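Visitor: To start, I am sharing the structure in question, which I have written as structure tokens.
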Amino acid sequence: MTSSPAPARTSPPTTARGIDRARAHLLDRRTVAWPAGLVPEDEDWSLELWASPSGGMSCEHGEMRGGEMIGRLELDPAGLTAEQTAVRRHLRDHLALHPVADAPAADPERLADALRGQLLVALRGASGAVEIATGVQVAGVIDDLWGAAAASREDLGVRVGPDGVHLALWAPTALTVDLLLFADDTGAGEPERHPLTREDDGTWTIAGPSAWTDRAYLFDIDVYAPWADAVARHRVTDPLSVGLTAGSEASVIVDLADPRWMPSGWREHRSPVLARPSARAITELHVRDVSIADETVPEELRGTYAAFTCTDSAGMRHLAALAEAGMTTIHLLPTYDIASIPGRRADQARPAIPADAAPDSPAPQAAIAEVADRDAFNWGYDPHHWAVPEASYAPEGHQDGGARTAQFRAMVQALHGIGLQVVADQVFNHTFASGGNELSVLDRVVPGYFHRLSDCGCIEQSTCCENVATEHAMAERIMVDSLVTWARDYRVDGFRFDLMGHHTTGNMAAIRRALDALTLERDGVDGCAVHLYGEGWNFGEVADGARFDQAIQGNLGGTGIGCFDDRIRDAVHGGGPADADHRAEQGFGTGLFTDPNGFDPRSGEEQRAALAHATDLVRLAMAGNLKSFELTCADGQVRRGDELDYAGMPAGFAEEVGEAIAYVDAHDNETLFDTLVWKLPDAISMDDRIRMNILCLATVALGQSPAFWHGGTELLRSKSLDTDSYNSGDRFNAIDWTGASHGFGRGLPPAARNAHLWEAQAPLLRRADLVPSREQILHARDMALDLLRLRRDLPLLTLGSAAAIREKVTFPGAGPDATPGLLVMRIDDRRGEPTGGARATDTGASPSARTAAAASPDAGSEQVFVVLNASPAQVTEALPGMAGEALHLADVQARGADPVVRETAWDAASGTITVPARTAAVLVR
């Protein structure tokens, strides 16, 4: 994930009035956590809790000014409890203090009142003077007093029913909350004002007549704002909005059950069913990329949800062909309301790109840079409202209120209609803005609660924006409610979580429980079938469990929640995506040792050893990247997956199939084609580049894990070597589904992320031989579709359980004598318990795909051999124990698009296989 920086940064008051940020923590109604390092050594000291309802406290000449001392604090020698630090492990060494029994702060009601204003903790030294005065982090006590109770409410947000409209906003520290109700769904004119009633759990509620439906609204909140150190008035949208005005300036009361917002047949239609989730194959696409350059779509619909309903467009024909071949799922980059894209087309800037720009011209990127933060394109990892579709993807005139709900639903229904499930990308790890910024929502409702704070009280920004503390009760509630809305009301079939490692395992369990409670009979969706996966990266202030149990690789065993598998990505590519020198390290799929590019500084023997280890990593990944899978490694040792090394970490992290998502390219970093441009030898032909592109995709498509492809990778998609295209506009991101172009040579990519590479990029972009012809692009597509058909037709490629993989999957020829660049995977259904391969042929891609799988002559094969020859030479290899076995090339490839793979030969008498150079072949028995 990459996102544009948030426009506002917030921190608590500094030392301007002698206040040292916010180093104290009020964990619950009776406990203050204080840094042990902030008490004087060998001195008498004491702590006091101070409050002011309107702010303005200061410390002058060792004395507090402008507030009231509401309690002296007594040290608890027992320290903080395990429960108090369960999601705050970084506080384990803090001191625990409690208000003295007769202090106002010891009274929960008085403490609750104090939380509606400014709180400080003062430390007095032996002289009696205040030596430290610091703000207080209050999320813990807010959860204790109000959050835990409010989290169980069923009526938060907007409810429209036969008795009228009900609105509920959780704002426990607010002084007043009014509803500002506009006359229609555009938010124009002067609103009516209606006061809300505060309830004991900090929720403010109001009921109104059905006539309020389809009207825009805001909440007008008086609340103490620590960034201003004053009570501020905020006009703010509903954090749980289900409808918005076109520009997202106001929420809209939308009844999601209203038939007006349902395309024809919506209630009756159902998602495609995946009989075997391990056979899932996912393609990742951006809504705008799908159609913005598709001239077969009416111009006014390009880049919108409605383009997906143009079933005869080039893009939809391509997606239907993918589904027919065995692609089961389309993963859409963020489609919630996005802060960094103007919702109205009239507000969107357009870059003035010269029509005659050369392949290495800096002019296109310069034009895009001028408008990049105001144009219609962004990946969208900048959430504004989580449960409303993005307005800019709705056609003009269909953006206010329920109209864009109808547009999104029509897109989902159209994709379901061609056999594709829909996964929605979700970003709950950060907000786009905080504090009093107009694009800040959460902080203006409950200041200081929703964001994760550092030791000094600053908002953590390890995600590149304002980190959300989803360990807090009501932040988790927003996650759960939003996802239930998307699954139940929009029929979204799965969710991908951006930077999932910044969430707790408890968050993910709560999400799983809530989704599992959805039923076909009551909700129209089988929640247990909703697929969950995400980026299980381990970094930032939460790294290594510093604050809580993270939802990272290795921590989600048994949950069915997947993590992206960077092991196979890096083993296939060589190096990592953050490498400064893109050409220095090759990998299994980019010519390491067998096809050196001249840039890798390692010796030949070092490269050979590196290739041997990379091949082991690919083998393990193709076996599901299981912790428990045993493999004979390059050094001759038999190791479990969690004993194989990956950059100093265990390579295997999955306990069960589906907990590792195999991929070699995604929206992040360069496309697969561009990676091959960097890493393959300069002299390699385009035909051979295409073969290596297909071989890299084969490591994913022919493995036991769910397979994930970057949209357009089957068309050799290029982004003109852009290393990070999140804000690079349509120029570098659009896809040509006809194959007439593929994106290479559209100019030097944007300077902000690529200028350090321009010197190397420019000569590559000038090379005409790196631009494939339309015939070559379409040939690459057809070979890629054959990989999907193999996955669809051969159930043994997707066994579906760790036990079955351990019993049936082996890698003949692995070990110290392995041929460099050759990988052979054998799946033998005669080993262990029979899986009855022919019984499990339904991948759920589409009715026609299921029929094709059932009709495949290879569907009931009892043995499958996947043979990958990544070297530039034909390889002949005797496979141990295979003499006398009758194997033949899989029917898909025997009749398929690639004439070279048909040169694969099997000698049954000797058990010897011959595989052409740079070829992925599948043999069956």
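Residues in the structure tokens are numbered from 1 in each chain, the chains being A, B, ... in the order shown, and ligands are numbered from 1 in the order shown.
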Could you list, with a cut-off of 9 Å and counting only C-alpha atoms, the residues of region 409-524 of chain A near region 232-245 of chain A, each shown with its nearest atom pair and the distance in Å rounded to one decimal, rows sorted by chain and ascending number, as CSV?
Guide:
```
residue,atom,partner,partner_atom,distance
A:Gly436,CA,A:His234,CA,7.9
A:Glu438,CA,A:Val236,CA,8.1
A:Ser440,CA,A:Val236,CA,8.4
A:Val441,CA,A:Val236,CA,6.3
A:Leu442,CA,A:Pro239,CA,6.5
A:Arg444,CA,A:His234,CA,6.3
A:Val445,CA,A:Val236,CA,7.4
A:Ile478,CA,A:Leu240,CA,7.0
A:Asp481,CA,A:Leu240,CA,7.9
A:Ser482,CA,A:Leu240,CA,7.5
A:Thr485,CA,A:Val242,CA,8.5
```
Visitor: If we count only C-alpha atoms, what is near region 724-737 of chain A at a cut-off of 6 Å, once residues fewer than 4 positions away on the same chain are taken out, given as a list in words?
Guide: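 Neighbouring residues, sequence-local ones excluded: Asp289, Ala314, Gly315, Phe377, Asn378, Trp379, Asn669 and Lys719 of chain A.
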Visitor: Fewer than 2 positions away in the same chain doesn't count, so skip those; otherwise give me all residues within 7 Å of Leu788 (chain A), counting only C-alpha atoms, as a list in words.
Guide: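 Final neighbour list, sorted by chain and number: Ala325, Gly326, Met327, Ala701, Ala784, Leu785, Asp786, Leu790, Arg791 and Arg792 of chain A.
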Visitor: Give me, as a Markdown table, each residue of region 260-366 of chain A that comes within 12 Å of region 759-774 of chain A, together with its shortest interatomic pair and the distance in Å at one decimal, counting only C-alpha atoms, with rows ordered by chain and rising residue number.
Guide:
```
| residue | atom | partner | partner_atom | distance |
| --- | --- | --- | --- | --- |
| A:Ala357 | CA | A:Arg766 | CA | 11.8 |
| A:Ala358 | CA | A:Arg766 | CA | 8.2 |
| A:Pro359 | CA | A:Leu765 | CA | 5.7 |
| A:Asp360 | CA | A:Ala762 | CA | 5.2 |
| A:Ser361 | CA | A:Ala762 | CA | 8.2 |
| A:Pro362 | CA | A:Ala762 | CA | 9.5 |
```
Visitor: Please extract the residues of region 546-731 of chain A with a backbone DSSP assignment of helix (DSSP H, G or I) and present them as a ChimeraX atom specification.
Guide: /A:566-573,604-622,641-643,672-679,686-701,713-715,729-731
Visitor: Which of these residues is nearest to His416 (chain A), using only C-alpha atoms: A:Leu319, A:Ala473, A:Ala51, A:Ala279?
Guide: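 Closest to His416 (chain A) of all the choices is A:Leu319.
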Visitor: Do a neighbour search on region 428-435 of chain A at 9 Å with only C-alpha atoms, toss out local chain neighbours closer than 5 positions, and write the hits as number ranges by chain.
Guide: A: 3-11, 225-228, 338-340, 381-384, 386, 440-444, 447-448, 451, 459, 461, 463-470, 475, 478-479, 497-503
Visitor: Would you save the residues from that selection as a short mmCIF file (atom, residue, chain, number, x, y, z; two decimals), in the first residue's frame, using N, CA and C atoms?
Guide:
```
data_model
loop_
_atom_site.label_atom_id
_atom_site.label_comp_id
_atom_site.auth_asym_id
_atom_site.auth_seq_id
_atom_site.Cartn_x
_atom_site.Cartn_y
_atom_site.Cartn_z
N SER A 3 0.06 5.59 -0.05
CA SER A 3 -1.01 6.57 0.00
C SER A 3 -0.41 7.96 0.03
N SER A 4 -1.19 8.91 -0.47
CA SER A 4 -0.74 10.29 -0.40
C SER A 4 -0.74 10.75 1.05
N PRO A 5 0.14 11.66 1.41
CA PRO A 5 0.20 12.11 2.80
C PRO A 5 -1.04 12.87 3.20
N ALA A 6 -1.41 12.72 4.44
CA ALA A 6 -2.58 13.44 4.95
C ALA A 6 -2.30 14.93 4.99
N PRO A 7 -3.34 15.74 4.81
CA PRO A 7 -3.11 17.19 4.74
C PRO A 7 -2.92 17.84 6.09
N ALA A 8 -3.16 17.12 7.16
CA ALA A 8 -3.05 17.76 8.47
C ALA A 8 -2.41 16.81 9.45
N ARG A 9 -1.59 17.33 10.33
CA ARG A 9 -0.96 16.54 11.38
C ARG A 9 -1.37 17.14 12.71
N THR A 10 -1.60 16.28 13.68
CA THR A 10 -2.10 16.75 14.95
C THR A 10 -1.22 16.24 16.07
N SER A 11 -0.91 17.09 17.00
CA SER A 11 -0.21 16.67 18.21
C SER A 11 -0.78 17.45 19.37
N ALA A 225 -11.24 20.30 22.12
CA ALA A 225 -10.29 19.87 21.10
C ALA A 225 -8.87 20.10 21.60
N PRO A 226 -8.12 19.05 21.90
CA PRO A 226 -6.78 19.24 22.48
C PRO A 226 -5.82 19.98 21.56
N TRP A 227 -5.99 19.86 20.24
CA TRP A 227 -5.08 20.57 19.33
C TRP A 227 -5.29 22.08 19.40
N ALA A 228 -6.47 22.51 19.79
CA ALA A 228 -6.75 23.94 19.94
C ALA A 228 -6.71 24.37 21.40
N ILE A 338 -13.43 8.09 -0.81
CA ILE A 338 -12.00 8.38 -0.80
C ILE A 338 -11.76 9.87 -0.62
N ALA A 339 -10.88 10.22 0.32
CA ALA A 339 -10.65 11.63 0.64
C ALA A 339 -9.82 12.34 -0.42
N SER A 340 -8.99 11.62 -1.16
CA SER A 340 -8.03 12.26 -2.05
C SER A 340 -8.50 12.36 -3.50
N TYR A 381 -6.14 4.72 -1.15
CA TYR A 381 -5.86 4.27 0.22
C TYR A 381 -5.92 5.44 1.20
N ASP A 382 -6.96 6.23 1.05
CA ASP A 382 -7.16 7.45 1.83
C ASP A 382 -8.62 7.50 2.28
N PRO A 383 -9.00 6.70 3.25
CA PRO A 383 -10.42 6.61 3.61
C PRO A 383 -10.97 7.90 4.21
N HIS A 384 -12.18 8.23 3.77
CA HIS A 384 -12.92 9.35 4.34
C HIS A 384 -14.13 8.81 5.11
N TRP A 386 -16.11 4.93 5.52
CA TRP A 386 -15.82 3.53 5.22
C TRP A 386 -16.99 2.75 4.62
N SER A 440 -11.13 15.52 8.37
CA SER A 440 -11.06 14.68 9.56
C SER A 440 -12.47 14.45 10.08
N VAL A 441 -12.82 13.19 10.31
CA VAL A 441 -14.14 12.87 10.84
C VAL A 441 -14.02 12.37 12.28
N LEU A 442 -13.28 11.30 12.49
CA LEU A 442 -13.24 10.67 13.81
C LEU A 442 -12.73 11.61 14.89
N ASP A 443 -11.67 12.31 14.61
CA ASP A 443 -11.05 13.16 15.64
C ASP A 443 -11.95 14.34 16.00
N ARG A 444 -12.79 14.76 15.09
CA ARG A 444 -13.67 15.89 15.39
C ARG A 444 -14.92 15.43 16.15
N PRO A 447 -12.29 13.57 20.07
CA PRO A 447 -10.87 13.93 19.97
C PRO A 447 -9.99 13.05 20.86
N GLY A 448 -8.88 12.61 20.26
CA GLY A 448 -7.89 11.87 21.04
C GLY A 448 -8.19 10.40 21.27
N HIS A 451 -7.21 7.56 17.29
CA HIS A 451 -5.88 7.39 16.71
C HIS A 451 -4.91 6.80 17.73
N ILE A 459 0.24 11.50 17.22
CA ILE A 459 -0.37 10.43 16.43
C ILE A 459 0.71 9.68 15.68
N GLN A 461 2.39 7.53 12.77
CA GLN A 461 2.20 7.65 11.33
C GLN A 461 3.02 6.61 10.57
N THR A 463 2.03 4.15 9.04
CA THR A 463 1.32 3.75 7.83
C THR A 463 1.39 4.82 6.74
N CYS A 464 2.13 5.87 6.98
CA CYS A 464 2.27 7.04 6.10
C CYS A 464 1.17 8.06 6.34
N CYS A 465 0.17 7.72 7.13
CA CYS A 465 -0.90 8.67 7.47
C CYS A 465 -1.18 8.54 8.97
N GLU A 466 -2.37 8.95 9.38
CA GLU A 466 -2.71 8.99 10.80
C GLU A 466 -3.23 7.63 11.27
N ASN A 467 -2.42 6.88 12.00
CA ASN A 467 -2.76 5.51 12.37
C ASN A 467 -4.01 5.45 13.24
N VAL A 468 -4.90 4.53 12.91
CA VAL A 468 -6.11 4.30 13.69
C VAL A 468 -5.85 3.22 14.73
N ALA A 469 -6.30 3.47 15.95
CA ALA A 469 -6.10 2.51 17.05
C ALA A 469 -7.28 1.54 17.07
N THR A 470 -7.25 0.55 16.21
CA THR A 470 -8.37 -0.39 16.15
C THR A 470 -8.40 -1.33 17.34
N ALA A 475 -13.33 1.85 17.63
CA ALA A 475 -12.64 1.78 16.34
C ALA A 475 -12.88 0.42 15.72
N ILE A 478 -16.36 0.28 14.21
CA ILE A 478 -16.47 0.86 12.88
C ILE A 478 -16.04 -0.15 11.82
N MET A 479 -14.96 -0.88 12.08
CA MET A 479 -14.52 -1.93 11.16
C MET A 479 -15.65 -2.93 10.94
N PHE A 497 -7.37 -6.56 3.50
CA PHE A 497 -7.06 -5.56 4.52
C PHE A 497 -5.68 -4.97 4.28
N ASP A 498 -5.65 -3.70 4.05
CA ASP A 498 -4.41 -2.97 3.89
C ASP A 498 -3.67 -2.93 5.23
N LEU A 499 -2.37 -3.23 5.21
CA LEU A 499 -1.53 -3.19 6.41
C LEU A 499 -2.24 -3.87 7.59
N MET A 500 -2.69 -5.10 7.36
CA MET A 500 -3.46 -5.84 8.35
C MET A 500 -2.68 -6.05 9.63
N GLY A 501 -1.35 -6.07 9.55
CA GLY A 501 -0.53 -6.25 10.74
C GLY A 501 -0.65 -5.13 11.75
N HIS A 502 -1.28 -4.02 11.37
CA HIS A 502 -1.54 -2.93 12.32
C HIS A 502 -2.86 -3.13 13.06
N HIS A 503 -3.52 -4.26 12.79
CA HIS A 503 -4.73 -4.62 13.52
C HIS A 503 -4.44 -5.79 14.47
#
```
Visitor: Write out as a PyMOL selection string each polymer residue whose atoms come within 12 Å of Ala257 (chain A), counting only C-alpha atoms; drop sequence neighbours fewer than 4 positions from it.
Guide: chain A and resi 159-162+213+242+261-263+266-267+402+405-406+485+488-490+523
Visitor: Applying 8 Å and only C-alpha atoms, which residues near His98 (chain A) remain after dropping the ones on its own chain fewer than 3 positions away? List them as a ChimeraX atom specification.
Guide: /A:30-32,73-76
Visitor: Applying 12 Å and only C-alpha atoms, which residues near Arg902 (chain A) remain after dropping the ones on its own chain fewer than 2 positions away? List them as a list in words.
Guide: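 The residues satisfying every condition are His888, Leu889, Ala890, Asp891, Val892, Gln893, Ala894, Arg895, Gly896, Ala897, Asp898, Pro899, Val900, Thr904, Ala905, Trp906, Thr914, Val915, Pro916, Thr919, Ala920, Ala921, Val922 and Leu923 of chain A.
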Visitor: Rounded to one decimal, what separation in Å do you get between CA of Ala818 (chain A) and CA of Asp565 (chain A)?
Guide: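 Distance reported for this atom pair: 24.1 Å.
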Visitor: What does the distance from CA of Pro35 (chain A) to CA of His94 (chain A) come to in Å, to one decimal?
Guide: 4.7 Å
Visitor: Identify, with DSSP run on backbone atoms, the residues in region 10-155 of chain A assigned to strand (DSSP E), and express the list as a PyMOL selection string.
Guide: chain A and resi 24-28+31-34+46-52+58-60+63-65+68-76+95-99+118-124+130-137
Visitor: Output N, CA and C atoms for every residue in the selection just made, as a compact mmCIF listing (two decimals), in the first residue's frame.
Guide:
```txt
# COMPACT_ATOMS: atom_id res chain seq x y z
N ALA A 24 1.07 10.93 30.15
CA ALA A 24 0.31 10.14 31.11
C ALA A 24 -0.83 9.41 30.40
N HIS A 25 -1.26 8.28 30.97
CA HIS A 25 -2.33 7.48 30.38
C HIS A 25 -3.37 7.21 31.45
N LEU A 26 -4.60 7.59 31.18
CA LEU A 26 -5.71 7.26 32.07
C LEU A 26 -6.34 5.98 31.50
N LEU A 27 -5.96 4.83 32.08
CA LEU A 27 -6.30 3.54 31.50
C LEU A 27 -7.73 3.11 31.80
N ASP A 28 -8.22 3.50 32.94
CA ASP A 28 -9.60 3.19 33.30
C ASP A 28 -10.04 4.21 34.34
N THR A 31 -7.18 4.26 37.23
CA THR A 31 -5.76 4.00 37.07
C THR A 31 -5.10 4.94 36.08
N VAL A 32 -4.04 5.60 36.57
CA VAL A 32 -3.17 6.39 35.71
C VAL A 32 -1.86 5.63 35.54
N ALA A 33 -1.42 5.48 34.29
CA ALA A 33 -0.10 4.89 34.01
C ALA A 33 0.88 6.03 33.76
N TRP A 34 2.01 5.96 34.46
CA TRP A 34 2.99 7.05 34.40
C TRP A 34 4.36 6.47 34.07
N SER A 46 5.29 13.52 44.02
CA SER A 46 3.88 13.20 44.05
C SER A 46 3.26 13.57 42.71
N LEU A 47 2.14 12.91 42.40
CA LEU A 47 1.43 13.18 41.15
C LEU A 47 0.02 13.66 41.46
N GLU A 48 -0.46 14.59 40.62
CA GLU A 48 -1.79 15.15 40.78
C GLU A 48 -2.50 15.16 39.44
N LEU A 49 -3.80 14.95 39.46
CA LEU A 49 -4.63 15.03 38.27
C LEU A 49 -5.37 16.36 38.28
N TRP A 50 -5.22 17.12 37.19
CA TRP A 50 -5.82 18.45 37.08
C TRP A 50 -6.81 18.47 35.92
N ALA A 51 -7.83 19.31 36.06
CA ALA A 51 -8.87 19.39 35.04
C ALA A 51 -9.31 20.83 34.82
N SER A 52 -9.72 21.11 33.59
CA SER A 52 -10.32 22.40 33.25
C SER A 52 -11.40 22.14 32.20
N SER A 58 -2.01 25.96 32.43
CA SER A 58 -0.59 26.16 32.18
C SER A 58 0.19 25.87 33.45
N CYS A 59 1.50 25.78 33.27
CA CYS A 59 2.40 25.62 34.41
C CYS A 59 3.39 26.77 34.38
N GLU A 60 3.37 27.60 35.41
CA GLU A 60 4.21 28.78 35.45
C GLU A 60 4.96 28.83 36.77
N GLU A 63 4.06 26.22 39.35
CA GLU A 63 2.69 26.14 39.85
C GLU A 63 1.71 25.99 38.69
N MET A 64 0.63 25.25 38.93
CA MET A 64 -0.41 25.07 37.93
C MET A 64 -1.32 26.29 37.91
N ARG A 65 -1.76 26.67 36.74
CA ARG A 65 -2.64 27.82 36.57
C ARG A 65 -3.84 27.42 35.70
N GLU A 68 -8.34 23.00 38.06
CA GLU A 68 -8.64 22.50 39.38
C GLU A 68 -7.95 21.15 39.58
N MET A 69 -7.33 21.00 40.72
CA MET A 69 -6.74 19.70 41.05
C MET A 69 -7.86 18.79 41.53
N ILE A 70 -8.10 17.68 40.80
CA ILE A 70 -9.23 16.81 41.13
C ILE A 70 -8.80 15.50 41.77
N GLY A 71 -7.53 15.37 42.08
CA GLY A 71 -7.13 14.17 42.80
C GLY A 71 -5.64 13.99 42.86
N ARG A 72 -5.15 13.73 44.10
CA ARG A 72 -3.77 13.27 44.23
C ARG A 72 -3.75 11.79 43.89
N LEU A 73 -2.61 11.34 43.35
CA LEU A 73 -2.50 9.97 42.88
C LEU A 73 -1.55 9.19 43.77
N GLU A 74 -1.99 8.00 44.17
CA GLU A 74 -1.20 7.12 45.03
C GLU A 74 -0.59 5.99 44.21
N LEU A 75 0.66 5.69 44.50
CA LEU A 75 1.37 4.62 43.79
C LEU A 75 0.83 3.26 44.21
N ASP A 76 0.57 2.41 43.23
CA ASP A 76 0.15 1.04 43.49
C ASP A 76 1.37 0.14 43.30
N LEU A 95 4.44 3.00 35.81
CA LEU A 95 3.91 2.93 37.18
C LEU A 95 2.40 2.99 37.16
N ALA A 96 1.77 2.35 38.12
CA ALA A 96 0.32 2.41 38.28
C ALA A 96 -0.03 3.29 39.47
N LEU A 97 -0.93 4.25 39.26
CA LEU A 97 -1.34 5.16 40.34
C LEU A 97 -2.86 5.28 40.33
N HIS A 98 -3.42 5.53 41.51
CA HIS A 98 -4.86 5.66 41.65
C HIS A 98 -5.19 6.95 42.40
N PRO A 99 -6.31 7.58 42.06
CA PRO A 99 -6.74 8.75 42.85
C PRO A 99 -7.01 8.34 44.29
N GLN A 118 -10.10 19.63 29.48
CA GLN A 118 -8.67 19.38 29.46
C GLN A 118 -8.25 18.65 30.74
N LEU A 119 -7.40 17.64 30.60
CA LEU A 119 -6.83 16.91 31.72
C LEU A 119 -5.32 17.01 31.65
N LEU A 120 -4.70 17.20 32.82
CA LEU A 120 -3.25 17.19 32.93
C LEU A 120 -2.85 16.39 34.16
N VAL A 121 -1.65 15.84 34.14
CA VAL A 121 -1.05 15.25 35.32
C VAL A 121 0.19 16.08 35.65
N ALA A 122 0.30 16.46 36.89
CA ALA A 122 1.45 17.27 37.35
C ALA A 122 2.28 16.46 38.32
N LEU A 123 3.59 16.51 38.15
CA LEU A 123 4.53 15.87 39.07
C LEU A 123 5.21 16.95 39.89
N ARG A 124 5.07 16.84 41.22
CA ARG A 124 5.77 17.76 42.13
C ARG A 124 6.99 17.05 42.70
N VAL A 130 6.00 22.14 40.81
CA VAL A 130 5.65 21.25 39.69
C VAL A 130 6.84 21.20 38.73
N GLU A 131 7.38 20.02 38.57
CA GLU A 131 8.52 19.84 37.68
C GLU A 131 8.12 19.38 36.28
N ILE A 132 7.02 18.64 36.20
CA ILE A 132 6.50 18.18 34.91
C ILE A 132 5.00 18.35 34.93
N ALA A 133 4.45 18.92 33.85
CA ALA A 133 3.01 18.95 33.63
C ALA A 133 2.77 18.41 32.23
N THR A 134 1.96 17.38 32.13
CA THR A 134 1.78 16.72 30.84
C THR A 134 0.31 16.38 30.61
N GLY A 135 -0.05 16.32 29.34
CA GLY A 135 -1.39 15.91 28.98
C GLY A 135 -1.63 14.44 29.25
N VAL A 136 -2.86 14.02 29.04
CA VAL A 136 -3.28 12.67 29.39
C VAL A 136 -3.88 11.99 28.16
N GLN A 137 -3.44 10.78 27.88
CA GLN A 137 -4.06 9.95 26.85
C GLN A 137 -5.25 9.23 27.47
```
Visitor: Can you work out the spacing between CA of Gly703 (chain A) and CA of Ala647 (chain A) in Å, to one decimal?
Guide: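 Value for the CA of Gly703 (chain A)-CA of Ala647 (chain A) distance: 22.1 Å.
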